[in-house]
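Student: Structure below; questions to follow.
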Amino acid sequence: MPTTLAPAELHARPADDTLVIDVRAPGEYAAGHVPGALNIPSEHLDMLLPELRAAAERRRIVVVCAAGQRSAAACARLAEAGIDAVGLAGGTQGWSADGLPVNTAQTHGRTVWAMDRQVRFTAGSLVLLGLALGRRAPRGRLLAAGVASGLVYSGLSNTCGMAAVLGKLPFNRPAPHALDTARAALRG
C-alpha cells in the first residue's frame, strides 16, 4: 500500500470517499489548505484517535501538512494506533505547485504566520541578539552558536525543536471549540 498520494490523485478522488486531515497549526491552515481539509494539529491527533479510527472505516484518510514531513510523522503515529492513512506527496506546497485550488479560512484578528516563517524570524532574531550581546559580553555569542547548532541538527534530523516550542504558543494553538468541531466532523 502506498505511503503517499500525489496531489492529482487526491484531486481526482470523490470527496465523500476521502477524508483530508491537515495537521498544521491553525494559522498555517488558515493561510491556505486543500479544499475540504479538516484541521487537526499533529499534537492533538492522539485526543481524536477513536473518532479517526471510526472515520477510517468509512473513508480513506489522507494527511497533509506544508511539505510532507509532519504528515509522514502523523501517518506513522496513526499507523501505530492501527489507523490506515497516507500522506499527500509534497503537502500543500505540492498541491499548489500543481495548480490545484487552495482555500483560505476566515480568521478573527491578526493573521498568524506560517510555522516556517515563525522559525526563521525567531532564529534570526536570536542570532542577532547573541551577536549584539557578544559585543559587550563575549559569552553572549553562545546564544548565536546555540541557535546555529540547533538549525544544523534540524537540517540533519529533519525535525525542528524550535517549531515544536513555537507551536505551544497561544496563537498557534487551536481555539478551544476547534477540536469539538473536528470531533463532530469526524463522527458525521
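Ligands are numbered from 1 in the order shown, residues from 1 within each chain, and chains are lettered A, B, ... in the order they appear in the C-alpha cells.
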Please report, as a list of chain:residue names, each residue of region 54-92 of chain A to which DSSP assigns helix (DSSP H, G or I) when run on this structure's backbone.

Tutor: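 Restricting region 54-92 of chain A to helix (DSSP H, G or I) produces A:Ala54, A:Ala55, A:Ala56, A:Glu57, A:Arg58, A:Gln69, A:Arg70, A:Ser71, A:Ala72, A:Ala73, A:Ala74, A:Cys75, A:Ala76, A:Arg77, A:Leu78, A:Ala79, A:Glu80, A:Gly91, A:Thr92.
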
Student: Any chance you could export the current selection's N, CA and C atoms as a PDB file, in the first residue's frame?

Tutor:
```pdb
ATOM      1  N   ALA A  54     -12.812   5.384  13.645  1.00  0.00           N
ATOM      2  CA  ALA A  54     -14.155   5.177  13.081  1.00  0.00           C
ATOM      3  C   ALA A  54     -14.260   5.792  11.687  1.00  0.00           C
ATOM      4  N   ALA A  55     -13.682   6.971  11.514  1.00  0.00           N
ATOM      5  CA  ALA A  55     -13.726   7.634  10.201  1.00  0.00           C
ATOM      6  C   ALA A  55     -12.955   6.831   9.156  1.00  0.00           C
ATOM      7  N   ALA A  56     -11.844   6.198   9.569  1.00  0.00           N
ATOM      8  CA  ALA A  56     -11.024   5.407   8.638  1.00  0.00           C
ATOM      9  C   ALA A  56     -11.764   4.172   8.138  1.00  0.00           C
ATOM     10  N   GLU A  57     -12.759   3.735   8.876  1.00  0.00           N
ATOM     11  CA  GLU A  57     -13.563   2.591   8.428  1.00  0.00           C
ATOM     12  C   GLU A  57     -14.510   2.992   7.294  1.00  0.00           C
ATOM     13  N   ARG A  58     -14.850   4.273   7.222  1.00  0.00           N
ATOM     14  CA  ARG A  58     -15.795   4.762   6.211  1.00  0.00           C
ATOM     15  C   ARG A  58     -15.117   5.407   5.007  1.00  0.00           C
ATOM     16  N   GLN A  69       6.742  16.401   5.685  1.00  0.00           N
ATOM     17  CA  GLN A  69       7.429  15.808   6.826  1.00  0.00           C
ATOM     18  C   GLN A  69       6.475  15.567   8.000  1.00  0.00           C
ATOM     19  N   ARG A  70       5.698  16.575   8.371  1.00  0.00           N
ATOM     20  CA  ARG A  70       4.780  16.409   9.507  1.00  0.00           C
ATOM     21  C   ARG A  70       3.686  15.408   9.195  1.00  0.00           C
ATOM     22  N   SER A  71       3.227  15.368   7.939  1.00  0.00           N
ATOM     23  CA  SER A  71       2.192  14.395   7.591  1.00  0.00           C
ATOM     24  C   SER A  71       2.743  12.978   7.642  1.00  0.00           C
ATOM     25  N   ALA A  72       4.009  12.779   7.265  1.00  0.00           N
ATOM     26  CA  ALA A  72       4.620  11.452   7.365  1.00  0.00           C
ATOM     27  C   ALA A  72       4.698  11.010   8.822  1.00  0.00           C
ATOM     28  N   ALA A  73       5.085  11.922   9.702  1.00  0.00           N
ATOM     29  CA  ALA A  73       5.139  11.598  11.130  1.00  0.00           C
ATOM     30  C   ALA A  73       3.738  11.300  11.670  1.00  0.00           C
ATOM     31  N   ALA A  74       2.747  12.065  11.236  1.00  0.00           N
ATOM     32  CA  ALA A  74       1.368  11.831  11.686  1.00  0.00           C
ATOM     33  C   ALA A  74       0.855  10.492  11.180  1.00  0.00           C
ATOM     34  N   CYS A  75       1.170  10.141   9.933  1.00  0.00           N
ATOM     35  CA  CYS A  75       0.759   8.838   9.387  1.00  0.00           C
ATOM     36  C   CYS A  75       1.387   7.700  10.179  1.00  0.00           C
ATOM     37  N   ALA A  76       2.641   7.858  10.573  1.00  0.00           N
ATOM     38  CA  ALA A  76       3.319   6.840  11.379  1.00  0.00           C
ATOM     39  C   ALA A  76       2.631   6.704  12.742  1.00  0.00           C
ATOM     40  N   ARG A  77       2.262   7.814  13.342  1.00  0.00           N
ATOM     41  CA  ARG A  77       1.571   7.768  14.638  1.00  0.00           C
ATOM     42  C   ARG A  77       0.202   7.117  14.498  1.00  0.00           C
ATOM     43  N   LEU A  78      -0.510   7.437  13.419  1.00  0.00           N
ATOM     44  CA  LEU A  78      -1.808   6.803  13.185  1.00  0.00           C
ATOM     45  C   LEU A  78      -1.647   5.308  12.932  1.00  0.00           C
ATOM     46  N   ALA A  79      -0.608   4.926  12.202  1.00  0.00           N
ATOM     47  CA  ALA A  79      -0.363   3.505  11.933  1.00  0.00           C
ATOM     48  C   ALA A  79      -0.102   2.746  13.234  1.00  0.00           C
ATOM     49  N   GLU A  80       0.631   3.360  14.157  1.00  0.00           N
ATOM     50  CA  GLU A  80       0.869   2.740  15.465  1.00  0.00           C
ATOM     51  C   GLU A  80      -0.436   2.506  16.209  1.00  0.00           C
ATOM     52  N   GLY A  91       2.764  17.876   0.241  1.00  0.00           N
ATOM     53  CA  GLY A  91       1.914  18.712   1.076  1.00  0.00           C
ATOM     54  C   GLY A  91       1.158  19.776   0.301  1.00  0.00           C
ATOM     55  N   THR A  92       0.765  20.829   0.997  1.00  0.00           N
ATOM     56  CA  THR A  92       0.033  21.905   0.326  1.00  0.00           C
ATOM     57  C   THR A  92       0.921  22.644  -0.671  1.00  0.00           C
TER      58      THR A  92
END
```

Student: Which neighbours of Ala164 (chain A) fall inside 10 Å, counting only C-alpha atoms, when residues of the same chain fewer than 3 positions from it are skipped, and could you give them as an mmCIF file with C-alpha atoms, in the first residue's frame?

Tutor:
```
data_model
loop_
_atom_site.group_PDB
_atom_site.id
_atom_site.type_symbol
_atom_site.label_atom_id
_atom_site.label_comp_id
_atom_site.auth_asym_id
_atom_site.auth_seq_id
_atom_site.Cartn_x
_atom_site.Cartn_y
_atom_site.Cartn_z
ATOM 1 C CA GLU A 43 -0.113 17.433 18.636
ATOM 2 C CA MET A 115 5.405 27.963 11.129
ATOM 3 C CA VAL A 119 11.012 29.706 12.948
ATOM 4 C CA THR A 159 12.874 17.755 12.787
ATOM 5 C CA CYS A 160 12.521 21.186 14.322
ATOM 6 C CA GLY A 161 12.616 21.699 18.069
ATOM 7 C CA GLY A 167 3.648 25.505 18.313
ATOM 8 C CA LYS A 168 2.800 25.707 22.002
ATOM 9 C CA LEU A 169 2.295 29.477 21.915
#
```

Student: Which residue out of A:Ala182, A:Val62, A:Ala12, A:Leu166 has the minimum interatomic distance to Val86 (chain A) when only C-alpha atoms are used?

Tutor: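 The answer is A:Val62, which sits nearest to Val86 (chain A).
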
Student: Using only C-alpha atoms, which of A:Ala178, A:Ala8, A:Leu19, A:Leu129 sits nearest Ala97 (chain A)?

Tutor: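 Smallest separation from Ala97 (chain A) among the options: A:Ala8.
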
Student: Mind listing the strand (DSSP E) residues of region 12-139 of chain A, per DSSP on the backbone, as a list in words?

Tutor: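 Answer for region 12-139 of chain A restricted to strand (DSSP E) is Thr18, Leu19, Val20, Ile21, Asp22, Leu38, Asn39, Arg60, Ile61, Val62, Val63, Val64, Ala85, Val86, Gly87 and Leu88 of chain A.
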
Student: Could you check which of A:Ile40, A:Arg24, A:Arg13, A:Leu5 is closest to Ala85 (chain A), using only C-alpha atoms?

Tutor: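 Using only C-alpha atoms, Ala85 (chain A) sits closest to A:Leu5.
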